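Dropping start12.cif in here (mmCIF, C-alpha atoms):
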```
data_run
loop_
_atom_site.group_PDB
_atom_site.id
_atom_site.type_symbol
_atom_site.label_atom_id
_atom_site.label_comp_id
_atom_site.auth_asym_id
_atom_site.auth_seq_id
_atom_site.Cartn_x
_atom_site.Cartn_y
_atom_site.Cartn_z
ATOM 1 C CA MET D 1 -12.051 -91.449 -85.069
ATOM 2 C CA PRO D 2 -12.396 -89.886 -81.581
ATOM 3 C CA LEU D 3 -13.656 -86.384 -80.905
ATOM 4 C CA VAL D 4 -11.077 -83.741 -81.801
ATOM 5 C CA THR D 5 -10.208 -80.262 -80.575
ATOM 6 C CA THR D 6 -10.575 -77.201 -82.781
ATOM 7 C CA THR D 7 -6.852 -76.409 -82.931
ATOM 8 C CA GLU D 8 -6.114 -78.002 -86.294
ATOM 9 C CA MET D 9 -9.530 -77.044 -87.673
ATOM 10 C CA PHE D 10 -8.904 -73.382 -86.953
ATOM 11 C CA ARG D 11 -5.348 -73.394 -88.284
ATOM 12 C CA LYS D 12 -6.510 -74.740 -91.627
ATOM 13 C CA ALA D 13 -9.555 -72.445 -91.693
ATOM 14 C CA TYR D 14 -7.480 -69.331 -91.022
ATOM 15 C CA GLU D 15 -4.950 -70.232 -93.695
ATOM 16 C CA GLY D 16 -7.665 -71.248 -96.154
ATOM 17 C CA GLY D 17 -9.954 -68.260 -95.682
ATOM 18 C CA TYR D 18 -13.024 -70.160 -94.538
ATOM 19 C CA ALA D 19 -14.874 -70.812 -91.270
ATOM 20 C CA ILE D 20 -16.057 -73.887 -89.396
ATOM 21 C CA GLY D 21 -19.725 -74.071 -88.543
ATOM 22 C CA ALA D 22 -20.545 -74.458 -84.854
ATOM 23 C CA PHE D 23 -24.080 -75.803 -84.704
ATOM 24 C CA ASN D 24 -26.070 -76.108 -81.488
ATOM 25 C CA VAL D 25 -27.563 -79.512 -80.738
ATOM 26 C CA ASN D 26 -30.492 -80.450 -78.521
ATOM 27 C CA ASN D 27 -31.784 -83.824 -79.720
ATOM 28 C CA MET D 28 -31.068 -86.783 -81.982
ATOM 29 C CA GLU D 29 -32.712 -85.399 -85.115
ATOM 30 C CA ILE D 30 -30.707 -82.174 -85.011
ATOM 31 C CA VAL D 31 -27.435 -84.072 -84.475
ATOM 32 C CA GLN D 32 -28.264 -86.343 -87.411
ATOM 33 C CA GLY D 33 -29.283 -83.510 -89.721
ATOM 34 C CA ILE D 34 -26.087 -81.562 -89.037
ATOM 35 C CA THR D 35 -23.659 -84.451 -89.322
ATOM 36 C CA GLU D 36 -25.292 -85.993 -92.389
ATOM 37 C CA ALA D 37 -24.971 -82.620 -94.134
ATOM 38 C CA ALA D 38 -21.326 -82.299 -93.091
ATOM 39 C CA LEU D 39 -20.587 -85.813 -94.323
ATOM 40 C CA GLU D 40 -22.064 -85.104 -97.754
ATOM 41 C CA ALA D 41 -20.219 -81.792 -97.951
ATOM 42 C CA LYS D 42 -16.958 -83.314 -96.632
ATOM 43 C CA SER D 43 -16.682 -80.675 -93.948
ATOM 44 C CA PRO D 44 -15.242 -80.683 -90.432
ATOM 45 C CA ILE D 45 -17.845 -79.670 -87.891
ATOM 46 C CA ILE D 46 -18.313 -78.361 -84.368
ATOM 47 C CA LEU D 47 -21.308 -79.570 -82.381
ATOM 48 C CA GLN D 48 -21.981 -77.267 -79.477
ATOM 49 C CA VAL D 49 -24.112 -77.625 -76.389
ATOM 50 C CA SER D 50 -25.580 -74.774 -74.378
ATOM 51 C CA ALA D 51 -26.483 -74.808 -70.705
ATOM 52 C CA GLY D 52 -30.109 -74.998 -71.807
ATOM 53 C CA ALA D 53 -29.408 -78.074 -73.925
ATOM 54 C CA ARG D 54 -27.721 -79.796 -70.989
ATOM 55 C CA LYS D 55 -30.763 -79.097 -68.831
ATOM 56 C CA TYR D 56 -33.134 -80.337 -71.526
ATOM 57 C CA ALA D 57 -31.380 -83.479 -72.771
ATOM 58 C CA LYS D 58 -28.841 -84.131 -69.977
ATOM 59 C CA HIS D 59 -25.097 -84.373 -70.408
ATOM 60 C CA GLY D 60 -24.948 -88.150 -70.732
ATOM 61 C CA TYR D 61 -27.552 -88.378 -73.469
ATOM 62 C CA LEU D 62 -25.892 -85.630 -75.508
ATOM 63 C CA MET D 63 -22.474 -87.266 -75.174
ATOM 64 C CA LYS D 64 -23.805 -90.587 -76.480
ATOM 65 C CA LEU D 65 -25.570 -88.889 -79.393
ATOM 66 C CA VAL D 66 -22.371 -87.124 -80.417
ATOM 67 C CA GLU D 67 -20.311 -90.283 -79.976
ATOM 68 C CA ALA D 68 -22.804 -92.086 -82.215
ATOM 69 C CA ALA D 69 -22.431 -89.356 -84.845
ATOM 70 C CA VAL D 70 -18.649 -89.733 -84.794
ATOM 71 C CA ALA D 71 -18.934 -93.509 -85.185
ATOM 72 C CA ASP D 72 -21.554 -93.207 -87.918
ATOM 73 C CA THR D 73 -19.827 -90.565 -90.050
ATOM 74 C CA GLY D 74 -16.102 -90.768 -89.268
ATOM 75 C CA LEU D 75 -16.017 -86.981 -89.421
ATOM 76 C CA PRO D 76 -13.596 -84.796 -87.452
ATOM 77 C CA ILE D 77 -16.056 -83.467 -84.867
ATOM 78 C CA ALA D 78 -15.315 -81.172 -81.931
ATOM 79 C CA LEU D 79 -17.745 -81.063 -79.006
ATOM 80 C CA HIS D 80 -17.965 -77.561 -77.555
ATOM 81 C CA LEU D 81 -19.664 -75.971 -74.552
ATOM 82 C CA ASP D 82 -21.450 -72.811 -75.679
ATOM 83 C CA HIS D 83 -21.598 -69.916 -73.196
ATOM 84 C CA GLY D 84 -20.294 -71.546 -70.040
ATOM 85 C CA GLU D 85 -21.103 -68.988 -67.388
ATOM 86 C CA ASP D 86 -18.747 -70.154 -64.636
ATOM 87 C CA PHE D 87 -15.797 -72.394 -63.858
ATOM 88 C CA GLU D 88 -17.998 -75.185 -62.517
ATOM 89 C CA ILE D 89 -19.949 -75.827 -65.726
ATOM 90 C CA CYS D 90 -16.751 -75.650 -67.779
ATOM 91 C CA LYS D 91 -15.069 -78.144 -65.431
ATOM 92 C CA ALA D 92 -18.066 -80.495 -65.622
ATOM 93 C CA CYS D 93 -17.927 -80.485 -69.421
ATOM 94 C CA ILE D 94 -14.152 -80.935 -69.519
ATOM 95 C CA ASP D 95 -14.377 -83.847 -67.079
ATOM 96 C CA GLY D 96 -17.350 -85.198 -69.039
ATOM 97 C CA GLY D 97 -15.608 -85.535 -72.405
ATOM 98 C CA PHE D 98 -16.001 -82.199 -74.207
ATOM 99 C CA THR D 99 -12.987 -81.217 -76.319
ATOM 100 C CA SER D 100 -13.645 -77.463 -76.260
ATOM 101 C CA VAL D 101 -15.353 -75.057 -73.851
ATOM 102 C CA MET D 102 -16.337 -71.429 -73.925
ATOM 103 C CA ILE D 103 -16.130 -69.408 -70.744
ATOM 104 C CA ASP D 104 -18.281 -66.317 -71.123
ATOM 105 C CA GLY D 105 -16.924 -63.751 -68.732
ATOM 106 C CA SER D 106 -18.208 -60.829 -70.787
ATOM 107 C CA LYS D 107 -20.697 -59.781 -68.081
ATOM 108 C CA HIS D 108 -17.782 -59.078 -65.721
ATOM 109 C CA ASP D 109 -15.380 -56.167 -65.859
ATOM 110 C CA PHE D 110 -12.189 -56.621 -67.829
ATOM 111 C CA GLN D 111 -9.944 -57.828 -65.010
ATOM 112 C CA GLU D 112 -12.578 -60.185 -63.595
ATOM 113 C CA ASN D 113 -13.109 -61.597 -67.084
ATOM 114 C CA ILE D 114 -9.372 -62.225 -67.364
ATOM 115 C CA ALA D 115 -9.190 -63.949 -63.977
ATOM 116 C CA LEU D 116 -12.165 -66.232 -64.659
ATOM 117 C CA THR D 117 -11.013 -67.075 -68.185
ATOM 118 C CA ARG D 118 -7.466 -67.829 -67.015
ATOM 119 C CA GLN D 119 -8.835 -70.179 -64.331
ATOM 120 C CA VAL D 120 -10.742 -72.158 -66.962
ATOM 121 C CA VAL D 121 -7.802 -72.154 -69.384
ATOM 122 C CA GLU D 122 -5.416 -73.555 -66.775
ATOM 123 C CA TYR D 123 -7.761 -76.449 -65.961
ATOM 124 C CA ALA D 124 -8.739 -77.110 -69.581
ATOM 125 C CA HIS D 125 -5.210 -77.119 -70.967
ATOM 126 C CA ALA D 126 -4.124 -79.518 -68.244
ATOM 127 C CA HIS D 127 -6.767 -81.903 -69.608
ATOM 128 C CA GLY D 128 -6.080 -81.405 -73.323
ATOM 129 C CA VAL D 129 -9.135 -79.198 -73.911
ATOM 130 C CA VAL D 130 -9.170 -75.854 -75.739
ATOM 131 C CA VAL D 131 -10.904 -72.685 -74.553
ATOM 132 C CA GLU D 132 -12.827 -69.867 -76.208
ATOM 133 C CA GLY D 133 -13.141 -66.558 -74.375
ATOM 134 C CA GLU D 134 -15.267 -63.506 -75.085
ATOM 135 C CA LEU D 135 -14.742 -59.749 -75.135
ATOM 136 C CA GLY D 136 -17.720 -57.498 -75.758
ATOM 137 C CA ARG D 137 -21.367 -58.399 -75.159
ATOM 138 C CA LEU D 138 -23.916 -59.467 -77.769
ATOM 139 C CA ALA D 139 -27.517 -58.379 -77.340
ATOM 140 C CA GLY D 140 -30.395 -60.815 -77.677
ATOM 141 C CA ILE D 141 -31.987 -63.848 -76.056
ATOM 142 C CA GLU D 142 -30.983 -67.478 -76.522
ATOM 143 C CA ASP D 143 -31.390 -70.142 -73.843
ATOM 144 C CA ASP D 144 -29.807 -68.765 -70.649
ATOM 145 C CA VAL D 145 -28.249 -65.779 -72.472
ATOM 146 C CA ASN D 146 -30.348 -62.630 -72.131
ATOM 147 C CA VAL D 147 -28.647 -59.302 -72.817
ATOM 148 C CA SER D 148 -30.556 -56.086 -73.494
ATOM 149 C CA ALA D 149 -29.499 -53.675 -76.224
ATOM 150 C CA GLU D 150 -28.558 -51.182 -73.505
ATOM 151 C CA ASP D 151 -26.191 -53.667 -71.859
ATOM 152 C CA SER D 152 -24.568 -54.857 -75.087
ATOM 153 C CA SER D 153 -21.226 -53.479 -76.249
ATOM 154 C CA TYR D 154 -18.832 -53.818 -79.162
ATOM 155 C CA THR D 155 -15.448 -55.375 -78.541
ATOM 156 C CA ASN D 156 -12.715 -52.849 -77.796
ATOM 157 C CA PRO D 157 -9.761 -53.810 -80.044
ATOM 158 C CA GLU D 158 -7.361 -52.104 -77.629
ATOM 159 C CA GLN D 159 -8.077 -54.824 -75.048
ATOM 160 C CA VAL D 160 -7.661 -57.954 -77.140
ATOM 161 C CA GLU D 161 -3.885 -58.338 -76.970
ATOM 162 C CA GLU D 162 -3.763 -58.080 -73.189
ATOM 163 C CA PHE D 163 -6.741 -60.407 -72.827
ATOM 164 C CA VAL D 164 -5.279 -63.156 -75.010
ATOM 165 C CA ARG D 165 -1.818 -62.842 -73.459
ATOM 166 C CA ALA D 166 -3.104 -62.816 -69.875
ATOM 167 C CA THR D 167 -5.593 -65.666 -70.266
ATOM 168 C CA GLY D 168 -3.942 -68.010 -72.753
ATOM 169 C CA VAL D 169 -7.245 -68.610 -74.601
ATOM 170 C CA ASP D 170 -7.186 -70.513 -77.873
ATOM 171 C CA SER D 171 -9.858 -68.457 -79.664
ATOM 172 C CA LEU D 172 -11.774 -65.252 -79.025
ATOM 173 C CA ALA D 173 -15.430 -64.387 -79.550
ATOM 174 C CA ILE D 174 -15.935 -60.721 -80.382
ATOM 175 C CA ALA D 175 -18.969 -58.470 -80.711
ATOM 176 C CA ILE D 176 -19.213 -56.703 -84.072
ATOM 177 C CA GLY D 177 -22.976 -56.416 -84.517
ATOM 178 C CA THR D 178 -24.331 -59.951 -84.441
ATOM 179 C CA SER D 179 -26.852 -60.871 -81.729
ATOM 180 C CA HIS D 180 -28.602 -63.868 -80.258
ATOM 181 C CA GLY D 181 -32.054 -65.061 -81.278
ATOM 182 C CA ALA D 182 -34.208 -64.598 -84.378
ATOM 183 C CA PHE D 183 -34.904 -60.880 -83.941
ATOM 184 C CA LYS D 184 -31.468 -59.377 -84.445
ATOM 185 C CA PHE D 185 -32.327 -56.123 -86.192
ATOM 186 C CA LYS D 186 -35.271 -53.743 -86.150
ATOM 187 C CA PRO D 187 -37.498 -53.590 -89.254
ATOM 188 C CA GLY D 188 -36.410 -50.862 -91.637
ATOM 189 C CA THR D 189 -32.774 -50.902 -90.523
ATOM 190 C CA LYS D 190 -29.922 -52.175 -92.671
ATOM 191 C CA PRO D 191 -28.019 -54.964 -90.901
ATOM 192 C CA GLN D 192 -24.323 -54.193 -90.969
ATOM 193 C CA LEU D 193 -21.458 -55.862 -89.168
ATOM 194 C CA ARG D 194 -18.544 -53.750 -87.912
ATOM 195 C CA PHE D 195 -15.813 -55.077 -90.157
ATOM 196 C CA ASP D 196 -13.578 -52.203 -89.059
ATOM 197 C CA ILE D 197 -13.473 -53.745 -85.571
ATOM 198 C CA LEU D 198 -12.763 -57.207 -87.007
ATOM 199 C CA GLU D 199 -9.952 -55.818 -89.141
ATOM 200 C CA GLU D 200 -8.361 -54.034 -86.177
ATOM 201 C CA VAL D 201 -8.644 -57.113 -83.962
ATOM 202 C CA SER D 202 -7.045 -59.312 -86.632
ATOM 203 C CA ARG D 203 -4.275 -56.741 -87.092
ATOM 204 C CA ARG D 204 -3.511 -56.850 -83.383
ATOM 205 C CA LEU D 205 -3.836 -60.663 -83.223
ATOM 206 C CA PRO D 206 -2.341 -61.932 -86.495
ATOM 207 C CA GLY D 207 -3.157 -65.568 -87.165
ATOM 208 C CA PHE D 208 -5.415 -65.846 -84.112
ATOM 209 C CA PRO D 209 -8.853 -67.497 -84.583
ATOM 210 C CA ILE D 210 -11.857 -65.212 -84.062
ATOM 211 C CA VAL D 211 -15.397 -66.390 -83.348
ATOM 212 C CA LEU D 212 -18.794 -64.928 -84.228
ATOM 213 C CA HIS D 213 -21.750 -65.708 -81.981
ATOM 214 C CA GLY D 214 -25.364 -64.962 -82.858
ATOM 215 C CA ALA D 215 -24.741 -65.467 -86.582
ATOM 216 C CA SER D 216 -27.988 -67.054 -87.758
ATOM 217 C CA SER D 217 -29.393 -65.435 -90.887
ATOM 218 C CA VAL D 218 -33.057 -66.181 -90.060
ATOM 219 C CA ILE D 219 -33.760 -67.639 -93.502
ATOM 220 C CA PRO D 220 -37.036 -66.136 -94.820
ATOM 221 C CA GLN D 221 -37.990 -69.471 -96.413
ATOM 222 C CA TYR D 222 -38.362 -71.125 -93.013
ATOM 223 C CA VAL D 223 -39.996 -68.119 -91.378
ATOM 224 C CA ASP D 224 -42.585 -68.090 -94.175
ATOM 225 C CA ILE D 225 -43.302 -71.812 -93.773
ATOM 226 C CA ILE D 226 -43.753 -71.392 -90.024
ATOM 227 C CA ASN D 227 -46.097 -68.425 -90.425
ATOM 228 C CA ALA D 228 -48.077 -70.170 -93.183
ATOM 229 C CA ASN D 229 -48.694 -73.077 -90.834
ATOM 230 C CA GLY D 230 -49.931 -71.314 -87.737
ATOM 231 C CA GLY D 231 -46.746 -69.655 -86.504
ATOM 232 C CA GLN D 232 -46.409 -66.047 -85.427
ATOM 233 C CA LEU D 233 -42.871 -64.900 -86.162
ATOM 234 C CA LYS D 234 -43.209 -61.225 -86.963
ATOM 235 C CA ASP D 235 -40.217 -59.117 -87.982
ATOM 236 C CA ALA D 236 -37.632 -61.896 -87.541
ATOM 237 C CA ILE D 237 -34.432 -60.538 -89.131
ATOM 238 C CA GLY D 238 -30.963 -62.121 -89.091
ATOM 239 C CA VAL D 239 -27.415 -61.487 -90.267
ATOM 240 C CA PRO D 240 -27.077 -61.259 -94.063
ATOM 241 C CA GLU D 241 -25.232 -64.262 -95.428
ATOM 242 C CA ASP D 242 -22.973 -62.186 -97.661
ATOM 243 C CA GLN D 243 -21.595 -60.492 -94.542
ATOM 244 C CA LEU D 244 -20.949 -63.861 -92.924
ATOM 245 C CA ARG D 245 -19.108 -64.967 -96.076
ATOM 246 C CA GLN D 246 -16.944 -61.872 -95.837
ATOM 247 C CA ALA D 247 -16.178 -62.548 -92.163
ATOM 248 C CA ALA D 248 -15.248 -66.156 -92.976
ATOM 249 C CA LYS D 249 -12.698 -64.944 -95.504
ATOM 250 C CA MET D 250 -11.081 -62.765 -92.838
ATOM 251 C CA ALA D 251 -9.999 -63.844 -89.337
ATOM 252 C CA VAL D 252 -13.260 -65.517 -88.332
ATOM 253 C CA CYS D 253 -12.669 -69.271 -88.053
ATOM 254 C CA LYS D 254 -15.853 -70.274 -86.184
ATOM 255 C CA ILE D 255 -19.393 -69.100 -86.864
ATOM 256 C CA ASN D 256 -22.128 -70.079 -84.397
ATOM 257 C CA ILE D 257 -25.562 -71.049 -85.696
ATOM 258 C CA ASP D 258 -28.499 -71.956 -83.473
ATOM 259 C CA SER D 259 -31.673 -70.024 -84.310
ATOM 260 C CA ASP D 260 -31.581 -71.076 -87.966
ATOM 261 C CA LEU D 261 -31.578 -74.728 -86.860
ATOM 262 C CA ARG D 262 -34.596 -74.138 -84.634
ATOM 263 C CA LEU D 263 -36.428 -72.380 -87.427
ATOM 264 C CA ALA D 264 -35.688 -75.145 -89.934
ATOM 265 C CA MET D 265 -36.793 -77.890 -87.549
ATOM 266 C CA THR D 266 -39.943 -76.010 -86.549
ATOM 267 C CA ALA D 267 -40.809 -75.261 -90.177
ATOM 268 C CA GLY D 268 -40.642 -78.928 -91.102
ATOM 269 C CA VAL D 269 -42.668 -80.084 -88.104
ATOM 270 C CA ARG D 270 -45.372 -77.423 -88.495
ATOM 271 C CA GLN D 271 -45.689 -78.028 -92.207
ATOM 272 C CA GLN D 272 -46.026 -81.767 -91.770
ATOM 273 C CA LEU D 273 -48.558 -81.551 -88.938
ATOM 274 C CA VAL D 274 -50.766 -79.233 -90.948
ATOM 275 C CA ALA D 275 -50.413 -81.320 -94.114
ATOM 276 C CA ASP D 276 -51.300 -84.523 -92.278
ATOM 277 C CA PRO D 277 -53.396 -83.614 -89.207
ATOM 278 C CA ALA D 278 -54.309 -87.254 -88.562
ATOM 279 C CA ASN D 279 -50.670 -88.223 -88.028
ATOM 280 C CA PHE D 280 -49.591 -88.779 -84.431
ATOM 281 C CA ASP D 281 -46.313 -90.589 -85.128
ATOM 282 C CA PRO D 282 -43.377 -88.329 -84.131
ATOM 283 C CA ARG D 283 -41.140 -90.145 -86.609
ATOM 284 C CA GLY D 284 -43.202 -88.735 -89.462
ATOM 285 C CA TYR D 285 -42.981 -85.056 -88.630
ATOM 286 C CA LEU D 286 -39.545 -85.148 -86.998
ATOM 287 C CA LYS D 287 -38.174 -86.780 -90.141
ATOM 288 C CA VAL D 288 -39.239 -83.737 -92.155
ATOM 289 C CA GLY D 289 -37.756 -81.386 -89.573
ATOM 290 C CA ARG D 290 -34.487 -83.333 -89.670
ATOM 291 C CA GLN D 291 -34.353 -83.045 -93.465
ATOM 292 C CA TYR D 292 -34.860 -79.283 -93.276
ATOM 293 C CA VAL D 293 -31.997 -79.050 -90.765
ATOM 294 C CA LYS D 294 -29.796 -81.087 -93.097
ATOM 295 C CA ASP D 295 -30.673 -78.890 -96.087
ATOM 296 C CA LEU D 296 -29.946 -75.741 -94.081
ATOM 297 C CA VAL D 297 -26.591 -76.938 -92.764
ATOM 298 C CA LYS D 298 -25.358 -78.154 -96.133
ATOM 299 C CA ASP D 299 -26.244 -74.804 -97.695
ATOM 300 C CA LYS D 300 -24.411 -72.977 -94.913
ATOM 301 C CA ILE D 301 -21.306 -75.138 -95.325
ATOM 302 C CA VAL D 302 -21.135 -74.739 -99.091
ATOM 303 C CA ASN D 303 -22.406 -71.218 -99.678
ATOM 304 C CA VAL D 304 -21.566 -69.308 -96.485
ATOM 305 C CA LEU D 305 -18.761 -70.972 -94.521
ATOM 306 C CA GLY D 306 -16.769 -72.356 -97.429
ATOM 307 C CA SER D 307 -15.718 -75.416 -95.396
ATOM 308 C CA ASP D 308 -16.866 -78.022 -97.931
ATOM 309 C CA ASN D 309 -14.333 -80.469 -99.390
ATOM 310 C CA LYS D 310 -11.870 -79.776 -96.589
ATOM 311 C CA ILE D 311 -11.493 -83.361 -95.351
#
```
As structure tokens - that is how I would like this structure written.
Amino acid sequence: MPLVTTTEMFRKAYEGGYAIGAFNVNNMEIVQGITEAALEAKSPIILQVSAGARKYAKHGYLMKLVEAAVADTGLPIALHLDHGEDFEICKACIDGGFTSVMIDGSKHDFQENIALTRQVVEYAHAHGVVVEGELGRLAGIEDDVNVSAEDSSYTNPEQVEEFVRATGVDSLAIAIGTSHGAFKFKPGTKPQLRFDILEEVSRRLPGFPIVLHGASSVIPQYVDIINANGGQLKDAIGVPEDQLRQAAKMAVCKINIDSDLRLAMTAGVRQQLVADPANFDPRGYLKVGRQYVKDLVKDKIVNVLGSDNKI
């Protein structure tokens, strides 16, 4: 089975009241952990690559890893560019075999965002690739994305219809209170997504797939393992999983997860290095990290996204 686009995935997810997990990949072990979990759970999956991942692992290596995962599992897998900042990087990924790209024009004003997004859409659609756009800005830090709380903003529902009509995007990322990184909320505050915004957006765009970025839950289990083995992650707080489940039952068809993968991998590696300090074989400690990633992803698919047993 070749790589697929997200079109059919999202149609089924919207109608079925579940979401597809979009998991960021950076190396072989993370790709394996994600896809092995999806295979066991019988779930479609989106593997996404950030600009930082392309700099770290290079485009060609990542493409071959994803192609190997498709051949190994037979799963319907979409390969997606996460947070493309300009037309050039989107074009490079489209030309290089990606089946989906995100153009993040949220740092521009509304009309500039429309113009940039439309430019990407026209090129992508001509090459059989789908496009995700973004309205509203998420706070937080992740790879090349760095937005302060002061510069973040919720999505304005009054703009979504014009944006989708003028750009022709296939899905839309909105800002309803999620954020990038592992430190999403201040200690003592109650994390709460703005479901009123999501409801209004879905009312204005019936049947249209919505995307949530910055949706890692920062699982305490992995934070505790990291801190117990020499780490220093203080006050790491993520998005409650029950709120993600609620979003998945609404118009949200794609939920992005990156930080949780990093935490799971790091927890496994740290734990193994401390448990066996004489070990210098990367296969030993990376194997544990890979298993933690697999466990995390399978739990997300079954208990949060609801995309298990959908293939």
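Minimum distance to Gln48 of chain D across D:Glu122, D:Glu15, D:Asp104, D:Asp82 (counting all atoms listed in the file) occurs at D:Asp82.
Proximity to Ala41 of chain D was assessed for D:Ile311, D:Cys93, D:Leu65, D:Ile257 counting all atoms listed in the file; the smallest distance is recorded for D:Ile311.
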For this session: Taking the file as shown, find all residues satisfying the PyMOL selection byres ((chain D and resi 288) around 10) and write them as number ranges by chain.
Result: D: 29, 264-272, 283-287, 289-294
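Distances to Pro191 of chain D were evaluated for D:Gly177, D:Pro44, D:Gly105, D:Pro209 using only C-alpha atoms, and the minimum falls at D:Gly177.
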For this session: Mind giving me the straight-line distance from atom CA of Gly21 of chain D to atom CA of Ile301 of chain D in Å, one decimal?
Result: 7.0 Å
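Ranking D:Leu212, D:Ala275, D:Leu138, D:Ala175 by their shortest atom-to-atom distance to Leu244 of chain D, with all atoms listed in the file included, puts D:Leu212 first.
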Exercise. Given the choices D:Leu263, D:Cys253, D:Met9, D:Val130, which gets closest to Ile226 of chain D if the distance is worked out from only C-alpha atoms?
Worked result: D:Leu263
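This file gives the following result for the PyMOL selection byres ((chain D and resi 72-81) around 7): Met1, Leu3, Val4, Thr5, Thr6, Leu39, Pro44, Ile45, Ile46, Leu47, Gln48, Val49, Ser50, Ala68, Ala69, Val70, Ala71, Asp82, His83, Gly84, Phe98, Thr99, Ser100, Val101 and Met102 of chain D.
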For this session: Place a sphere of radius 12 Å on (-14.5, -66.3, -90.0) in the file coordinates and name every protein, DNA or RNA residue with an atom inside or on its surface, counting all atoms listed in the file; give the answer as an MDAnalysis selection string.
Result: chainID D and resid 10:22 171:174 195 198:199 202 207:213 215 243:256 304:307
Exercise. So which residues get picked by the PyMOL selection byres ((chain D and resi 151-168) around 10) here, written as a PyMOL selection string?
Worked result: chain D and resi 106-107+110-111+113-122+125+130-140+146-150+169-179+194+196-205+208
Problem set entry | Length of the atom CA of Asp295 of chain D to atom CA of Arg262 of chain D vector [Å] | 13.0 Å
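From atom CA of Asp299 of chain D back to atom CA of Ile219 of chain D, the distance works out to 11.2 Å.
When only C-alpha atoms are used to compute distances to Val25 of chain D, the closest of the residues D:Ala37, D:Leu261, D:Leu193, D:Ala228 turns out to be D:Leu261.
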